[in-house]
Amino acid sequence: MVDLPATPLLDTVRSPADLRALKPEQLRQLADELRSETISAVGTTGGHLGSGLGVVELTTAIHYVFDTPTDKLVWDVGHQCYPHKILTGRRDRIRTLRQGGGLSGFTKRSESEYDPFGAAHSSTSISAALGFAVANKIAGRPGRGIAVIGDGSMSAGMAYEAMNNAEQAGNRLVVILNDNDMSIAPPVGGLSAYLSRIVSSREFLGLRDLLKRFAKKLPRPFSEAARKTDEFARGMTMGGTLFEELGFYYVGPIDGHNLDHLIPVLENVRDAEEGPILVHVVTKKGKGYAPAEASADKYHGVQKFDVITGAQAKAPPGPPQYQNVFGEALTREAITDPRICAITAAMPSGTGLDKFAAAHPDRFFDVGIAEQHAVTFAAGLAAEGMRPFCAIYSTFLQRAYDQVVHDVAIQNLPVRFAIDRAGLVGADGATHAGSFDVTYLATLPNFVVMAAADEAELVHMTHTCVLHDTGPIAVRYPRGNGTGVALPDVPERLEIGRGRVVREGKTVAILSLGTRLAEAQRAADQLEAKGLSTTVADLRFAKPLDEALIRRLLTSHEVAVTIEENAVGGLGAHVLTLASDEGLIDGGLKLRTMRLPDLFQDQDKPELQYATAGLDADAIVTTVLTALRHNSAGVSEGARA
């Protein structure tokens, strides 16, 4: 921790306007206090730490130099925005981060006028900032668009699509490339900072503009020579040729932790008449907190921790996490099958594929934040006879939906999709919830869509994916730990489109898809205690449906309930369609569907999220009892009557 002066400056800053009233020589003290406050807050709540610590000085400098919120500041992804939230009037709530009813772990428009654009997926910031810049330009209003984007997010094509169209924004668009991996930068030092300050100055830009206009009047060979000389000179010292070709004036690299370098460069950029401008800032993830700096992932995401020692609170030992079960199962499968390949989009450990990468490095591909490319790359592998597994979070697979439809489904290519983080995800909230994949995949011809009820089922389904060569297939599973069931020594190949009955009854039928099966079984216990004989079925497949099993259950029970961790349009809709097409609801069957509500749920503990959604055992029991009390036969698409 940093030793702070006796009089905290941070206590006097309730908004960026207060920050801008400080003297430049006070900003170092303020940044140190801001870093300490961020560490203390995340130590209390857990969350993203390293990325925020890396931008403390940059956050301070941006709000000091630019006129936020008139100038619209857009943080790419947003997990680095905790210092920003502290400086923009939310310090009193910063210890509610990622808690139920508290602050979001990302930027959120409804939270503050200083969050002009909500973000939690990468590579959107430049497009959004460009929109703000052009809108203000058209309307004749003051205000720039400022995008802060990390070097990892720059691996996604959307960032370059935005930059390719940014010229019309002129000097109203500023892109700050936060390079915290030294992936582009040459060594940063005094000479680099001096050059950056010089070339961003109004005098240099004015002279450059004058020379450019003069060069245009020269014969073409001389004009081209002048242009190339300028680019060569700046490229030798700055490294900005790529960005220049995209229409940006490049400044950098700059030490992102040196306020004496940052402030004058950003002031020059603010006052520049030429644009758009890209400022290349080099930072260190976890800066200023020794445990984070020493950690391999720079404390990217942490549990609650002891601020003095850095020791994170350990969860009690429990069943293995689903992502690790999948990663280990696929790694074993690949030992005997050289056609298996694994692809992820910048999430090797998050998807469990770090294990596969260690064992089979020649068949592992981390394509960066490029889900569209990942899917079509997998399609190409499949077309050439390989067995590719595309392991992507449910919420991120949405970004590649056109590729799933056009490049995989239409061509009926056997790409295997391992869909992690299916269902609600707790502290990350609505932006990371996997609420829609059953709906958006099961509507596609040729697709097989499975959902694992527990970790043993995930092993079987992974094996089933390996052997399914007749078209695309997907298995979804949630975030977190499994149920504790024993893992099979030898995986079983499941019959496509066949479910299983785990409990047989006569009056009530609960048709479950995915990990709500445990809640369905608890509900069955409660219903049995009330004298209602209950069948529980694990359908396993959202597509193709086990029509024979569904038909039997709907025609032999008084009440049937479907339950799934997915929005409307998933399993329940497909079962209703089957029942309607075959006239099964004409005879008085009470059929109810339970699924995620039609809203974006904020962060909370997962068990509370599911209770709020009406997808726990108590809600199932209530749904059944209400249906039985209903006087007339009917069908409902509501989670609760």
# chains A, B, ... in the order shown; residues from 1 in each chain; ligands from 1

call {"tool": "select_by_dssp", "arguments": {"residues": "segment 434-470 of chain A", "states": "strand (DSSP E)", "output": "ChimeraX atom specification"}}
result
/A:448-451

call {"tool": "write_last_selection", "arguments": {"atoms": "N, CA and C atoms", "output": "compact mmCIF listing (two decimals), in the first residue's frame"}}
result
# COMPACT_ATOMS: atom_id res chain seq x y z
N VAL A 448 -27.99 -29.95 -33.51
CA VAL A 448 -28.30 -30.72 -32.32
C VAL A 448 -27.90 -29.86 -31.13
N VAL A 449 -28.81 -29.70 -30.16
CA VAL A 449 -28.56 -28.85 -29.00
C VAL A 449 -28.80 -29.65 -27.74
N MET A 450 -27.75 -29.81 -26.94
CA MET A 450 -27.83 -30.56 -25.68
C MET A 450 -27.57 -29.61 -24.50
N ALA A 451 -28.04 -30.03 -23.32
CA ALA A 451 -27.75 -29.30 -22.09
C ALA A 451 -27.43 -30.31 -21.01

call {"tool": "select_by_dssp", "arguments": {"residues": "segment 402-528 of chain A", "states": "alpha helix (DSSP H)", "output": "PyMOL selection string"}}
result
chain A and resi 402-403+437-442+455-467+517-528

call {"tool": "closest_residue", "arguments": {"among": "A:Ala509, A:Ala359, A:Val459, A:Ala370", "to": "Thr562 of chain A", "atoms": "only C-alpha atoms"}}
result
A:Ala509

call {"tool": "residues_around", "arguments": {"residues": "segment 34-42 of chain A", "least_positions_apart": "3", "cutoff": "9 Å", "atoms": "only C-alpha atoms", "output": "number ranges by chain"}}
result
A: 1-2, 4, 10, 29-31, 45-49, 52-53, 56-57, 60, 82-83, 86-87, 91, 94-97, 287-289, 302-307

call {"tool": "residues_around", "arguments": {"residues": "Ala374 of chain A", "least_positions_apart": "2", "cutoff": "8 Å", "atoms": "only C-alpha atoms", "output": "ChimeraX atom specification"}}
result
/A:343-345,367,370-372,376-378,390

call {"tool": "write_last_selection", "arguments": {"atoms": "N, CA and C atoms", "output": "PDB file, in the first residue's frame"}}
result
ATOM      1  N   ILE A 343     -10.671 -24.667 -30.133  1.00  0.00           N
ATOM      2  CA  ILE A 343     -10.584 -23.258 -30.497  1.00  0.00           C
ATOM      3  C   ILE A 343     -11.267 -22.433 -29.418  1.00  0.00           C
ATOM      4  N   THR A 344     -10.629 -21.364 -29.001  1.00  0.00           N
ATOM      5  CA  THR A 344     -11.274 -20.436 -28.080  1.00  0.00           C
ATOM      6  C   THR A 344     -10.963 -19.017 -28.503  1.00  0.00           C
ATOM      7  N   ALA A 345     -11.767 -18.085 -28.021  1.00  0.00           N
ATOM      8  CA  ALA A 345     -11.592 -16.669 -28.360  1.00  0.00           C
ATOM      9  C   ALA A 345     -11.129 -15.923 -27.115  1.00  0.00           C
ATOM     10  N   VAL A 367      -7.707 -17.648 -30.839  1.00  0.00           N
ATOM     11  CA  VAL A 367      -7.754 -16.701 -31.956  1.00  0.00           C
ATOM     12  C   VAL A 367      -7.882 -15.258 -31.506  1.00  0.00           C
ATOM     13  N   ALA A 370     -12.120 -12.738 -31.252  1.00  0.00           N
ATOM     14  CA  ALA A 370     -12.563 -12.795 -32.651  1.00  0.00           C
ATOM     15  C   ALA A 370     -13.491 -13.985 -32.832  1.00  0.00           C
ATOM     16  N   GLU A 371     -14.666 -13.892 -32.216  1.00  0.00           N
ATOM     17  CA  GLU A 371     -15.588 -15.030 -32.241  1.00  0.00           C
ATOM     18  C   GLU A 371     -16.065 -15.361 -33.649  1.00  0.00           C
ATOM     19  N   GLN A 372     -16.258 -14.364 -34.475  1.00  0.00           N
ATOM     20  CA  GLN A 372     -16.688 -14.633 -35.848  1.00  0.00           C
ATOM     21  C   GLN A 372     -15.652 -15.486 -36.573  1.00  0.00           C
ATOM     22  N   THR A 376     -15.961 -19.543 -38.131  1.00  0.00           N
ATOM     23  CA  THR A 376     -15.714 -19.884 -39.533  1.00  0.00           C
ATOM     24  C   THR A 376     -14.413 -20.666 -39.696  1.00  0.00           C
ATOM     25  N   PHE A 377     -13.426 -20.378 -38.884  1.00  0.00           N
ATOM     26  CA  PHE A 377     -12.197 -21.177 -38.852  1.00  0.00           C
ATOM     27  C   PHE A 377     -12.524 -22.621 -38.499  1.00  0.00           C
ATOM     28  N   ALA A 378     -13.390 -22.818 -37.497  1.00  0.00           N
ATOM     29  CA  ALA A 378     -13.816 -24.167 -37.126  1.00  0.00           C
ATOM     30  C   ALA A 378     -14.560 -24.838 -38.277  1.00  0.00           C
ATOM     31  N   CYS A 390     -15.400 -25.649 -30.732  1.00  0.00           N
ATOM     32  CA  CYS A 390     -15.367 -24.204 -30.575  1.00  0.00           C
ATOM     33  C   CYS A 390     -15.929 -23.890 -29.189  1.00  0.00           C
TER      34      CYS A 390
END

call {"tool": "residues_around", "arguments": {"residues": "Ala334 of chain A", "least_positions_apart": "5", "cutoff": "12 Å", "atoms": "only C-alpha atoms", "output": "number ranges by chain"}}
result
A: 327-329, 339-342, 353, 355-357, 359-364, 386-389, 462-463, 466-467

call {"tool": "residues_around", "arguments": {"residues": "Val536 of chain A", "least_positions_apart": "4", "cutoff": "12 Å", "atoms": "only C-alpha atoms", "output": "number ranges by chain"}}
result
A: 499-513, 516-525, 527-528, 549-550, 553, 557, 560-563, 620

call {"tool": "write_last_selection", "arguments": {"atoms": "N, CA and C atoms", "output": "mmCIF file, in the first residue's frame"}}
result
data_model
loop_
_atom_site.group_PDB
_atom_site.id
_atom_site.type_symbol
_atom_site.label_atom_id
_atom_site.label_comp_id
_atom_site.auth_asym_id
_atom_site.auth_seq_id
_atom_site.Cartn_x
_atom_site.Cartn_y
_atom_site.Cartn_z
ATOM 1 N N GLY A 499 -34.051 -38.554 -24.206
ATOM 2 C CA GLY A 499 -33.926 -38.131 -22.820
ATOM 3 C C GLY A 499 -33.930 -39.316 -21.883
ATOM 4 N N ARG A 500 -34.062 -39.039 -20.602
ATOM 5 C CA ARG A 500 -34.082 -40.094 -19.590
ATOM 6 C C ARG A 500 -35.048 -39.700 -18.478
ATOM 7 N N VAL A 501 -35.681 -40.677 -17.919
ATOM 8 C CA VAL A 501 -36.556 -40.460 -16.765
ATOM 9 C C VAL A 501 -35.754 -40.799 -15.516
ATOM 10 N N VAL A 502 -35.636 -39.842 -14.621
ATOM 11 C CA VAL A 502 -34.861 -40.073 -13.408
ATOM 12 C C VAL A 502 -35.757 -40.379 -12.214
ATOM 13 N N ARG A 503 -37.064 -40.185 -12.389
ATOM 14 C CA ARG A 503 -38.016 -40.462 -11.305
ATOM 15 C C ARG A 503 -39.382 -40.663 -11.948
ATOM 16 N N GLU A 504 -40.062 -41.730 -11.601
ATOM 17 C CA GLU A 504 -41.336 -42.075 -12.242
ATOM 18 C C GLU A 504 -42.490 -41.785 -11.300
ATOM 19 N N GLY A 505 -43.522 -41.118 -11.833
ATOM 20 C CA GLY A 505 -44.723 -40.818 -11.065
ATOM 21 C C GLY A 505 -45.952 -40.906 -11.946
ATOM 22 N N LYS A 506 -47.097 -40.353 -11.456
ATOM 23 C CA LYS A 506 -48.351 -40.528 -12.181
ATOM 24 C C LYS A 506 -49.123 -39.228 -12.436
ATOM 25 N N THR A 507 -48.988 -38.241 -11.545
ATOM 26 C CA THR A 507 -49.858 -37.069 -11.628
ATOM 27 C C THR A 507 -49.182 -35.864 -12.266
ATOM 28 N N VAL A 508 -47.969 -35.583 -11.840
ATOM 29 C CA VAL A 508 -47.236 -34.406 -12.298
ATOM 30 C C VAL A 508 -45.992 -34.860 -13.052
ATOM 31 N N ALA A 509 -45.710 -34.209 -14.185
ATOM 32 C CA ALA A 509 -44.484 -34.483 -14.940
ATOM 33 C C ALA A 509 -43.675 -33.202 -15.041
ATOM 34 N N ILE A 510 -42.428 -33.272 -14.602
ATOM 35 C CA ILE A 510 -41.507 -32.138 -14.728
ATOM 36 C C ILE A 510 -40.481 -32.495 -15.790
ATOM 37 N N LEU A 511 -40.446 -31.712 -16.870
ATOM 38 C CA LEU A 511 -39.544 -31.948 -17.991
ATOM 39 C C LEU A 511 -38.427 -30.918 -17.918
ATOM 40 N N SER A 512 -37.247 -31.360 -17.517
ATOM 41 C CA SER A 512 -36.142 -30.450 -17.246
ATOM 42 C C SER A 512 -35.103 -30.514 -18.351
ATOM 43 N N LEU A 513 -34.486 -29.342 -18.615
ATOM 44 C CA LEU A 513 -33.355 -29.271 -19.533
ATOM 45 C C LEU A 513 -32.219 -28.558 -18.814
ATOM 46 N N ARG A 516 -31.201 -27.309 -14.026
ATOM 47 C CA ARG A 516 -32.382 -27.161 -13.162
ATOM 48 C C ARG A 516 -32.899 -28.528 -12.708
ATOM 49 N N LEU A 517 -32.286 -29.589 -13.165
ATOM 50 C CA LEU A 517 -32.733 -30.932 -12.787
ATOM 51 C C LEU A 517 -32.692 -31.122 -11.282
ATOM 52 N N ALA A 518 -31.670 -30.607 -10.610
ATOM 53 C CA ALA A 518 -31.585 -30.758 -9.154
ATOM 54 C C ALA A 518 -32.764 -30.070 -8.469
ATOM 55 N N GLU A 519 -33.145 -28.876 -8.952
ATOM 56 C CA GLU A 519 -34.304 -28.186 -8.388
ATOM 57 C C GLU A 519 -35.594 -28.930 -8.717
ATOM 58 N N ALA A 520 -35.666 -29.537 -9.887
ATOM 59 C CA ALA A 520 -36.843 -30.328 -10.249
ATOM 60 C C ALA A 520 -37.005 -31.522 -9.307
ATOM 61 N N GLN A 521 -35.912 -32.144 -8.943
ATOM 62 C CA GLN A 521 -35.986 -33.283 -8.024
ATOM 63 C C GLN A 521 -36.381 -32.831 -6.620
ATOM 64 N N ARG A 522 -35.887 -31.663 -6.189
ATOM 65 C CA ARG A 522 -36.303 -31.142 -4.890
ATOM 66 C C ARG A 522 -37.791 -30.793 -4.904
ATOM 67 N N ALA A 523 -38.241 -30.221 -6.009
ATOM 68 C CA ALA A 523 -39.674 -29.918 -6.123
ATOM 69 C C ALA A 523 -40.501 -31.196 -6.083
ATOM 70 N N ALA A 524 -40.010 -32.247 -6.729
ATOM 71 C CA ALA A 524 -40.731 -33.529 -6.712
ATOM 72 C C ALA A 524 -40.863 -34.057 -5.294
ATOM 73 N N ASP A 525 -39.831 -33.903 -4.476
ATOM 74 C CA ASP A 525 -39.916 -34.326 -3.075
ATOM 75 C C ASP A 525 -41.031 -33.572 -2.356
ATOM 76 N N LEU A 527 -43.658 -32.114 -3.718
ATOM 77 C CA LEU A 527 -44.959 -32.503 -4.264
ATOM 78 C C LEU A 527 -45.382 -33.875 -3.761
ATOM 79 N N GLU A 528 -44.440 -34.791 -3.666
ATOM 80 C CA GLU A 528 -44.749 -36.116 -3.116
ATOM 81 C C GLU A 528 -45.245 -35.998 -1.682
ATOM 82 N N LEU A 549 -40.942 -39.610 -25.669
ATOM 83 C CA LEU A 549 -40.990 -39.423 -24.223
ATOM 84 C C LEU A 549 -41.935 -38.284 -23.859
ATOM 85 N N ILE A 550 -41.836 -37.174 -24.570
ATOM 86 C CA ILE A 550 -42.706 -36.029 -24.282
ATOM 87 C C ILE A 550 -44.167 -36.399 -24.508
ATOM 88 N N LEU A 553 -45.406 -38.498 -21.587
ATOM 89 C CA LEU A 553 -45.589 -37.750 -20.342
ATOM 90 C C LEU A 553 -46.781 -36.800 -20.422
ATOM 91 N N HIS A 557 -50.143 -37.688 -17.635
ATOM 92 C CA HIS A 557 -50.089 -36.919 -16.400
ATOM 93 C C HIS A 557 -51.097 -35.774 -16.463
ATOM 94 N N ALA A 560 -48.152 -31.007 -16.639
ATOM 95 C CA ALA A 560 -46.774 -31.121 -17.130
ATOM 96 C C ALA A 560 -46.131 -29.739 -17.099
ATOM 97 N N VAL A 561 -44.891 -29.685 -16.636
ATOM 98 C CA VAL A 561 -44.154 -28.430 -16.513
ATOM 99 C C VAL A 561 -42.788 -28.608 -17.172
ATOM 100 N N THR A 562 -42.422 -27.679 -18.056
ATOM 101 C CA THR A 562 -41.056 -27.662 -18.580
ATOM 102 C C THR A 562 -40.257 -26.602 -17.826
ATOM 103 N N ILE A 563 -38.960 -26.832 -17.646
ATOM 104 C CA ILE A 563 -38.120 -25.860 -16.954
ATOM 105 C C ILE A 563 -36.746 -25.832 -17.614
ATOM 106 N N ILE A 620 -41.399 -24.101 -8.810
ATOM 107 C CA ILE A 620 -41.970 -25.247 -9.532
ATOM 108 C C ILE A 620 -43.206 -25.757 -8.801
#

call {"tool": "closest_residue", "arguments": {"among": "A:Arg98, A:Lys543, A:Arg498, A:Arg551", "to": "Val425 of chain A", "atoms": "only C-alpha atoms"}}
result
A:Arg98

call {"tool": "closest_residue", "arguments": {"among": "A:Leu22, A:Pro338, A:Asp538, A:Leu424", "to": "Leu608 of chain A", "atoms": "only C-alpha atoms"}}
result
A:Leu424

call {"tool": "atom_distance", "arguments": {"atom1": "atom CA of Lys285 of chain A", "atom2": "atom CA of Asn180 of chain A"}}
result
6.0 Å

call {"tool": "residues_around", "arguments": {"residues": "Thr124 of chain A", "least_positions_apart": "3", "cutoff": "8 Å", "atoms": "only C-alpha atoms", "output": "list in words"}}
result
Asp76, Val77, Ala119, His121, Ser127, Ala128, Met158 and Ala159 of chain A
